$ cat protein-v2.csv   # CSV, C-alpha atoms
chain,number,residue,atom,x,y,z
A,23,PRO,CA,102.2,127.8,89.1
A,24,ALA,CA,103.6,124.3,89.4
A,25,GLY,CA,106.8,123.7,87.4
A,26,ASP,CA,108.2,120.4,86.1
A,27,ALA,CA,110.5,120.0,89.1
A,28,ASP,CA,108.1,121.2,91.8
A,29,TYR,CA,106.0,119.1,94.1
A,30,VAL,CA,102.3,119.5,94.9
A,31,ASN,CA,99.9,118.6,97.7
A,32,VAL,CA,96.5,117.6,96.4
A,33,ASP,CA,93.2,115.9,97.3
A,34,LEU,CA,91.7,113.3,94.8
A,35,GLN,CA,88.0,112.8,94.7
A,36,ARG,CA,86.7,110.2,92.3
A,37,ILE,CA,83.6,111.3,90.3
A,38,ASP,CA,80.7,109.1,89.1
A,39,PRO,CA,80.6,110.0,85.4
A,40,GLN,CA,77.0,108.9,85.1
A,41,THR,CA,75.7,111.2,87.8
A,42,ASP,CA,78.5,113.7,87.7
A,43,THR,CA,78.7,113.5,91.6
A,44,PRO,CA,81.4,112.5,94.0
A,45,ILE,CA,81.6,108.8,94.8
A,46,VAL,CA,81.2,108.5,98.6
A,47,GLY,CA,84.1,106.8,100.3
A,48,ASP,CA,86.5,107.2,97.4
A,49,LYS,CA,88.5,110.2,98.3
A,50,ASP,CA,92.2,110.5,99.1
A,51,GLU,CA,93.4,113.6,100.9
A,52,ASP,CA,96.8,115.3,101.5
A,53,LEU,CA,98.7,113.5,98.8
A,54,THR,CA,102.1,114.7,97.7
A,55,PHE,CA,103.4,114.3,94.2
A,56,PHE,CA,106.8,115.2,92.8
A,57,LEU,CA,106.2,116.3,89.3
A,58,ASP,CA,109.5,114.9,88.0
A,59,ASP,CA,108.9,111.5,89.5
A,60,GLU,CA,108.9,108.9,86.7
A,61,ARG,CA,106.4,106.8,88.6
A,62,LEU,CA,103.7,109.6,88.4
A,63,LYS,CA,101.0,108.9,85.9
A,64,GLU,CA,101.8,111.1,82.8
A,65,ASP,CA,98.1,112.2,82.5
A,66,LEU,CA,98.2,113.5,86.1
A,67,ARG,CA,101.6,115.1,85.7
A,68,GLU,CA,100.5,117.0,82.6
A,69,ALA,CA,97.3,118.1,84.3
A,70,LEU,CA,99.2,119.4,87.4
A,71,VAL,CA,102.0,121.3,85.6
A,72,GLY,CA,101.0,125.0,85.5
A,73,ARG,CA,98.4,124.7,88.2
A,74,LYS,CA,98.3,127.1,91.2
A,75,ALA,CA,97.4,126.4,94.8
A,76,GLY,CA,93.6,126.6,95.4
A,77,THR,CA,92.6,125.5,91.9
A,78,THR,CA,90.3,122.5,91.2
A,79,PHE,CA,90.1,120.6,88.0
A,80,ARG,CA,89.0,117.2,86.7
A,81,VAL,CA,91.2,114.6,85.0
A,82,ARG,CA,90.7,111.0,83.7
A,83,LEU,CA,93.2,108.5,84.9
A,84,PRO,CA,93.7,104.8,83.9
A,85,GLN,CA,93.1,102.2,86.5
A,86,GLU,CA,96.1,100.9,88.4
A,87,PRO,CA,97.2,97.5,87.0
A,88,GLY,CA,96.7,94.6,89.3
A,89,HIS,CA,93.8,96.1,91.3
A,90,GLU,CA,92.8,94.4,94.5
A,91,HIS,CA,90.1,91.7,94.8
A,92,GLU,CA,90.3,90.9,98.5
A,93,GLY,CA,88.8,94.1,99.8
A,94,HIS,CA,92.0,95.6,101.1
A,95,SER,CA,91.4,99.0,99.5
A,96,HIS,CA,88.4,101.3,99.8
A,97,GLN,CA,88.6,102.3,96.2
A,98,HIS,CA,86.2,99.8,94.7
A,99,ASP,CA,86.0,99.2,90.9
A,100,HIS,CA,82.4,100.5,90.7
A,101,GLY,CA,81.7,98.1,87.9
A,102,ASP,CA,83.8,99.5,85.1
A,103,ASP,CA,87.0,98.9,83.3
A,104,GLU,CA,87.3,102.5,81.9
A,105,ASP,CA,89.5,105.3,82.9
A,106,ARG,CA,88.4,106.9,86.2
A,107,LEU,CA,87.3,110.5,86.5
A,108,TYR,CA,88.8,112.5,89.4
A,109,GLU,CA,88.3,115.9,90.8
A,110,VAL,CA,91.7,117.3,91.8
A,111,THR,CA,92.1,120.0,94.4
A,112,VAL,CA,95.5,121.6,94.5
A,113,ASN,CA,96.2,122.4,98.2
A,114,ASP,CA,99.8,123.7,97.8
A,115,VAL,CA,102.6,124.1,95.3
A,116,LYS,CA,106.2,124.1,96.5
A,117,ARG,CA,109.7,124.4,95.0
A,118,ARG,CA,112.4,121.9,96.0
A,119,ASP,CA,115.5,123.3,97.6
A,120,LEU,CA,117.6,120.2,98.3
A,121,PRO,CA,120.2,120.4,101.1
A,122,PRO,CA,123.6,118.9,100.7
A,123,LEU,CA,123.8,115.2,101.6
A,124,ASP,CA,126.4,115.7,104.4
A,125,GLU,CA,126.8,114.3,107.9
A,126,GLU,CA,124.6,117.0,109.5
A,127,PHE,CA,121.7,116.4,107.1
A,128,VAL,CA,122.0,112.6,107.6
A,129,ARG,CA,122.0,112.9,111.3
A,130,ARG,CA,118.9,115.1,111.3
A,131,ALA,CA,117.0,113.1,108.7
A,132,SER,CA,117.7,109.8,110.5
A,133,GLU,CA,117.2,111.2,114.0
A,134,GLY,CA,120.7,110.2,114.9
A,135,GLU,CA,120.5,106.7,113.6
A,136,PHE,CA,123.1,107.4,110.8
A,137,HIS,CA,126.1,109.7,110.6
A,138,ASP,CA,127.8,108.4,107.4
A,139,PRO,CA,126.1,109.6,104.2
A,140,GLU,CA,127.0,106.4,102.3
A,141,ALA,CA,125.5,104.2,105.0
A,142,PHE,CA,122.4,106.4,105.0
A,143,ARG,CA,122.2,106.2,101.2
A,144,GLU,CA,122.5,102.4,101.3
A,145,ASN,CA,119.7,102.2,103.9
A,146,VAL,CA,117.4,104.3,101.8
A,147,ARG,CA,118.2,102.2,98.8
A,148,LYS,CA,117.3,99.0,100.6
A,149,ARG,CA,114.1,100.5,101.8
A,150,LEU,CA,113.1,101.6,98.4
A,151,GLN,CA,114.0,98.2,96.9
A,152,LYS,CA,111.9,96.5,99.5
A,153,ALA,CA,108.9,98.8,98.8
A,154,TRP,CA,109.2,98.1,95.0
A,155,ASP,CA,109.5,94.4,95.6
A,156,GLU,CA,106.3,94.4,97.6
A,157,ARG,CA,104.6,96.5,95.0
A,158,ALA,CA,105.8,94.2,92.2
A,159,ARG,CA,104.4,91.2,94.1
A,160,GLU,CA,101.1,92.9,94.6
A,161,MET,CA,100.9,93.6,90.8
A,162,VAL,CA,101.7,90.0,90.0
A,163,GLN,CA,99.2,88.7,92.5
A,164,GLY,CA,96.5,91.0,91.0
A,165,ALA,CA,97.3,89.7,87.5
A,166,VAL,CA,97.1,86.1,88.8
A,167,ILE,CA,93.7,86.8,90.3
A,168,ASP,CA,92.4,88.4,87.1
A,169,LYS,CA,93.5,85.3,85.1
A,170,MET,CA,91.9,82.9,87.6
A,171,LEU,CA,88.6,84.9,87.5
A,172,GLU,CA,88.8,84.7,83.7
A,173,LEU,CA,89.4,80.9,83.6
A,174,HIS,CA,86.9,80.0,86.3
A,175,PRO,CA,83.7,82.1,86.1
A,176,VAL,CA,82.1,80.2,88.9
A,177,PRO,CA,78.7,81.4,90.1
A,178,VAL,CA,78.7,83.4,93.4
A,179,PRO,CA,75.8,82.9,95.9
A,180,GLU,CA,73.8,86.1,96.4
A,181,SER,CA,74.4,85.9,100.1
A,182,VAL,CA,78.2,86.1,99.5
A,183,ILE,CA,77.8,89.2,97.2
A,184,GLU,CA,75.5,90.9,99.8
A,185,GLY,CA,78.0,90.1,102.5
A,186,TYR,CA,80.8,91.9,100.6
A,187,LEU,CA,78.5,94.8,99.9
A,188,ASP,CA,77.7,95.1,103.6
A,189,SER,CA,81.4,95.2,104.3
A,190,PHE,CA,81.8,98.0,101.8
A,191,VAL,CA,79.1,100.0,103.4
A,192,LYS,CA,80.6,99.4,106.8
A,193,GLN,CA,84.0,100.6,105.5
A,194,VAL,CA,82.4,103.9,104.3
A,195,GLU,CA,81.0,104.3,107.8
A,196,GLU,CA,84.4,103.6,109.4
A,197,GLU,CA,86.0,106.2,107.2
A,198,ASN,CA,83.4,108.8,108.3
A,199,ASP,CA,83.7,108.5,112.1
A,200,GLY,CA,81.2,105.6,112.3
A,201,GLU,CA,78.4,107.4,110.4
A,202,ARG,CA,77.2,107.5,106.9
A,203,PRO,CA,77.6,110.7,105.0
A,204,GLU,CA,74.4,112.8,104.7
A,205,ASP,CA,74.4,112.4,100.9
A,206,PHE,CA,75.1,108.7,101.0
A,207,ASP,CA,72.8,106.7,98.6
A,208,GLU,CA,73.2,103.1,99.7
A,209,GLU,CA,71.1,101.7,96.9
A,210,HIS,CA,73.2,103.4,94.3
A,211,PHE,CA,76.4,102.6,96.1
A,212,ARG,CA,75.6,98.9,96.3
A,213,GLN,CA,74.6,98.8,92.6
A,214,ARG,CA,77.9,100.5,91.6
A,215,ASN,CA,80.0,98.1,93.7
A,216,ARG,CA,78.1,94.9,92.9
A,217,ARG,CA,80.5,93.6,90.3
A,218,ASP,CA,83.5,94.3,92.5
A,219,ALA,CA,81.7,92.4,95.3
A,220,GLU,CA,81.0,89.5,93.0
A,221,ASN,CA,84.6,89.3,91.8
A,222,GLN,CA,85.9,89.3,95.4
A,223,GLY,CA,83.4,86.6,96.3
A,224,ARG,CA,84.4,84.6,93.2
A,225,TRP,CA,88.1,84.8,94.0
A,226,MET,CA,87.6,83.7,97.6
A,227,LEU,CA,85.6,80.7,96.4
A,228,ILE,CA,88.4,79.8,94.0
A,229,ARG,CA,91.0,80.4,96.7
A,230,ASP,CA,89.3,78.3,99.3
A,231,THR,CA,88.8,75.5,96.7
A,232,ILE,CA,92.6,75.5,96.0
A,233,ILE,CA,93.4,75.5,99.7
A,234,GLU,CA,91.1,72.5,100.2
A,235,GLU,CA,92.2,70.5,97.2
A,236,GLU,CA,95.9,71.1,97.8
A,237,GLY,CA,95.6,70.6,101.5
A,238,LEU,CA,97.3,73.9,102.3
A,239,GLU,CA,97.9,74.7,106.0
A,240,VAL,CA,99.7,77.3,108.0
A,241,THR,CA,102.6,76.0,109.9
A,242,ASP,CA,104.2,77.5,113.1
A,243,GLU,CA,107.4,78.1,111.1
A,244,GLU,CA,105.5,80.1,108.5
A,245,LEU,CA,103.8,82.2,111.2
A,246,GLN,CA,107.2,82.8,112.9
A,247,ALA,CA,108.6,83.9,109.5
A,248,PHE,CA,105.7,86.3,109.1
A,249,PHE,CA,106.1,87.9,112.4
A,250,ALA,CA,109.9,88.1,111.9
A,251,GLU,CA,109.3,90.0,108.7
A,252,GLN,CA,106.9,92.3,110.6
A,253,SER,CA,109.5,93.1,113.2
A,254,ASP,CA,112.3,93.7,110.6
A,255,GLY,CA,113.8,97.1,111.3
A,256,GLU,CA,111.9,97.5,114.6
A,257,GLU,CA,114.3,98.0,117.5
A,258,ASP,CA,111.7,98.4,120.2
A,259,VAL,CA,109.7,95.3,119.6
A,260,SER,CA,110.6,91.7,118.8
A,261,ALA,CA,108.9,89.1,116.6
A,262,GLN,CA,107.9,87.2,119.7
A,263,GLN,CA,106.2,90.3,121.1
A,264,ILE,CA,104.3,90.9,117.9
A,265,GLN,CA,103.2,87.3,117.8
A,266,GLN,CA,102.0,87.4,121.4
A,267,PHE,CA,100.0,90.6,120.6
A,268,TYR,CA,98.3,89.0,117.7
A,269,ARG,CA,97.6,85.8,119.6
A,270,SER,CA,95.8,87.8,122.2
A,271,MET,CA,93.4,89.1,119.5
A,272,PRO,CA,91.8,86.0,117.9
A,273,ASP,CA,90.3,88.0,115.0
A,274,MET,CA,93.6,89.6,114.1
A,275,MET,CA,95.3,86.2,114.4
A,276,GLU,CA,92.8,84.7,112.0
A,277,GLN,CA,93.5,87.5,109.5
A,278,VAL,CA,97.2,86.8,109.7
A,279,GLU,CA,96.6,83.1,109.1
A,280,GLN,CA,94.4,83.8,106.1
A,281,GLN,CA,97.0,86.2,104.7
A,282,VAL,CA,99.7,83.5,105.0
A,283,LEU,CA,97.3,81.0,103.3
A,284,SER,CA,96.7,83.5,100.5
A,285,ASP,CA,100.4,83.9,99.9
A,286,LYS,CA,100.8,80.1,99.7
A,287,VAL,CA,98.0,80.1,97.1
A,288,TYR,CA,99.7,82.8,95.1
A,289,ASP,CA,103.1,80.9,95.2
A,290,LEU,CA,101.4,77.7,94.1
A,291,LEU,CA,99.7,79.4,91.2
A,292,LEU,CA,102.9,81.2,90.2
A,293,ASP,CA,104.7,77.9,90.1
A,294,ARG,CA,102.1,76.4,87.8
A,295,LEU,CA,101.4,79.3,85.5
A,296,ASP,CA,103.6,80.4,82.7
A,297,VAL,CA,104.9,83.7,84.2
A,298,GLN,CA,107.1,85.9,81.9
A,299,PRO,CA,109.5,88.3,83.7
A,300,LYS,CA,108.7,92.0,82.7
A,301,SER,CA,109.8,95.4,83.9
A,302,ARG,CA,107.3,97.5,85.8
A,303,GLU,CA,106.9,99.8,82.8
A,304,GLU,CA,106.3,96.9,80.4
A,305,PHE,CA,103.7,95.3,82.8
A,306,GLN,CA,101.8,98.6,83.2
A,307,GLU,CA,101.8,99.3,79.5
A,308,GLU,CA,100.5,95.8,78.8
A,309,MET,CA,97.8,96.0,81.4
A,310,GLN,CA,96.7,99.4,80.1
A,311,LYS,CA,96.5,98.1,76.5
A,312,GLN,CA,94.3,95.2,77.8
A,313,GLN,CA,92.0,97.7,79.5
A,314,GLN,CA,91.7,99.8,76.4
A,315,SER,CA,90.9,96.6,74.4
A,316,HIS,CA,88.1,95.7,76.9
A,317,GLN,CA,86.7,99.2,76.5
A,318,ARG,CA,86.5,98.9,72.7
A,319,VAL,CA,84.6,95.6,72.8
A,320,ALA,CA,82.4,96.4,75.7
A,321,PRO,CA,78.7,96.8,74.8

$ encode --input "protein-v2.csv" --output "structure tokens"
Amino acid sequence: PAGDADYVNVDLQRIDPQTDTPIVGDKDEDLTFFLDDERLKEDLREALVGRKAGTTFRVRLPQEPGHEHEGHSHQHDHGDDEDRLYEVTVNDVKRRDLPPLDEEFVRRASEGEFHDPEAFRENVRKRLQKAWDERAREMVQGAVIDKMLELHPVPVPESVIEGYLDSFVKQVEEENDGERPEDFDEEHFRQRNRRDAENQGRWMLIRDTIIEEEGLEVTDEELQAFFAEQSDGEEDVSAQQIQQFYRSMPDMMEQVEQQVLSDKVYDLLLDRLDVQPKSREEFQEEMQKQQQSHQRVAP
């Protein structure tokens, strides 16, 4: 059985509590969790401790604060603010036997890039900090979007909602080798994802209005900065090569420009909103309290 310091490999399948059936297109496989990782949700950690490989169980987990509204994730909201029900399959349980952080380990782990343990440690620290900075920005952006949706409940044309729902269905097909699963109920799927589609459409209308009213545009300097960031740490490819590749694919280049525009909208809103600095733990706790409050007042 899994102990407090072990790590586990699991599959997570979200369950529709109304029908007690798996939600098609909302499954994550081959996930590895270290049970002593402070970032692991406590509800999930407690449920995993003591489990053996091959077991399956269900657990309710709170929504991740700052969820997406631009369709970047296949895990749609399915029209609820409540805790999400998951079926967890434990694939493997392993003990950790950490090797000494010496030159031999560093050389193997970095494939010869590093030899000095301290230099390797500093590189790992920088990578972790960059990852957390990106995650923090995503959480803040999610909170900004939620606030703008609350302040501006603009009507969304039915055609826009249907367009997002069509994209959700297409995403399910792409995740299943271009075909719909045999048990896929499109009508039920579209109904469950309708509010998420409406919110995404509403945010895009708000975003486009801000871009138009503020006269926001993407400059060549901003594109160069974007591609420079993409090439950071890549020895085999330059920012110019990445830019040339994107420019050869008009659809991908359009996505880049829209992403840069979205970042400019976020920066503009952050400058004008009263943003209070918080730690990750404080922010997550506050978001969870808000979700619990919404659950209590929901009809």

$ residues_near_point --input "protein-v2.csv" --point "(89.4, 114.5, 88.4)" --cutoff "7 Å" --atoms "all atoms listed in the file" --output "VMD selection string"
chain A and resid 34 to 37 79 to 82 107 to 110

$ atom_distance --input "protein-v2.csv" --atom1 "atom CA of A:Asp199" --atom2 "atom CA of A:Asp52"
18.2 Å

$ closest_atom_pairs --input "protein-v2.csv" --of "stretch 194-286 of chain A" --to "stretch 42-47 of chain A" --cutoff "9 Å" --atoms "all atoms listed in the file" --output "tab-separated table"
residue	atom	partner	partner_atom	distance
A:Val194	CA	A:Gly47	CA	5.2
A:Glu195	CA	A:Gly47	CA	8.5
A:Glu197	CA	A:Gly47	CA	7.2
A:Asn198	CA	A:Gly47	CA	8.3
A:Pro203	CA	A:Val46	CA	7.7
A:Asp205	CA	A:Val46	CA	8.2
A:Phe206	CA	A:Val46	CA	6.6
A:Asp207	CA	A:Val46	CA	8.6
A:Phe211	CA	A:Val46	CA	8.0

$ atom_distance --input "protein-v2.csv" --atom1 "atom CA of A:Asp58" --atom2 "atom CA of A:Gly25"
9.2 Å

$ closest_residue --input "protein-v2.csv" --among "A:Gln246, A:Thr111, A:Gln265, A:Thr41" --to "A:Thr78" --atoms "all atoms listed in the file"
A:Thr111

$ residues_around --input "protein-v2.csv" --residues "A:Lys116" --least-positions-apart "6" --cutoff "9 Å" --atoms "only C-alpha atoms" --output "list in words"
Ala24, Asp28, Tyr29, Val30 and Asn31 of chain A

$ atom_distance --input "protein-v2.csv" --atom1 "atom CA of A:Lys192" --atom2 "atom CA of A:Met275"
21.2 Å

$ residues_around --input "protein-v2.csv" --residues "A:Glu184" --least-positions-apart "5" --cutoff "10 Å" --atoms "all atoms listed in the file" --output "list in words"
Pro179, Ser189, Phe190, Arg212, Arg216, Ala219, Glu220 and Gly223 of chain A

$ write_last_selection --input "protein-v2.csv" --atoms "C-alpha atoms" --output "PDB file, in the frame of the given file"
ATOM      1  CA  PRO A 179      75.800  82.900  95.900  1.00  0.00           C
ATOM      2  CA  SER A 189      81.400  95.200 104.300  1.00  0.00           C
ATOM      3  CA  PHE A 190      81.800  98.000 101.800  1.00  0.00           C
ATOM      4  CA  ARG A 212      75.600  98.900  96.300  1.00  0.00           C
ATOM      5  CA  ARG A 216      78.100  94.900  92.900  1.00  0.00           C
ATOM      6  CA  ALA A 219      81.700  92.400  95.300  1.00  0.00           C
ATOM      7  CA  GLU A 220      81.000  89.500  93.000  1.00  0.00           C
ATOM      8  CA  GLY A 223      83.400  86.600  96.300  1.00  0.00           C
TER       9      GLY A 223
END

$ closest_residue --input "protein-v2.csv" --among "A:Gln252, A:Ser260, A:Gln298, A:Gln213" --to "A:Val278" --atoms "all atoms listed in the file"
A:Gln252

$ closest_residue --input "protein-v2.csv" --among "A:Glu303, A:Asn215, A:Pro121, A:Arg159" --to "A:Leu62" --atoms "all atoms listed in the file"
A:Glu303

$ residues_around --input "protein-v2.csv" --residues "A:Glu239" --least-positions-apart "5" --cutoff "10 Å" --atoms "only C-alpha atoms" --output "MDAnalysis selection string"
chainID A and resid 233:234 244 279:280 282:283 286
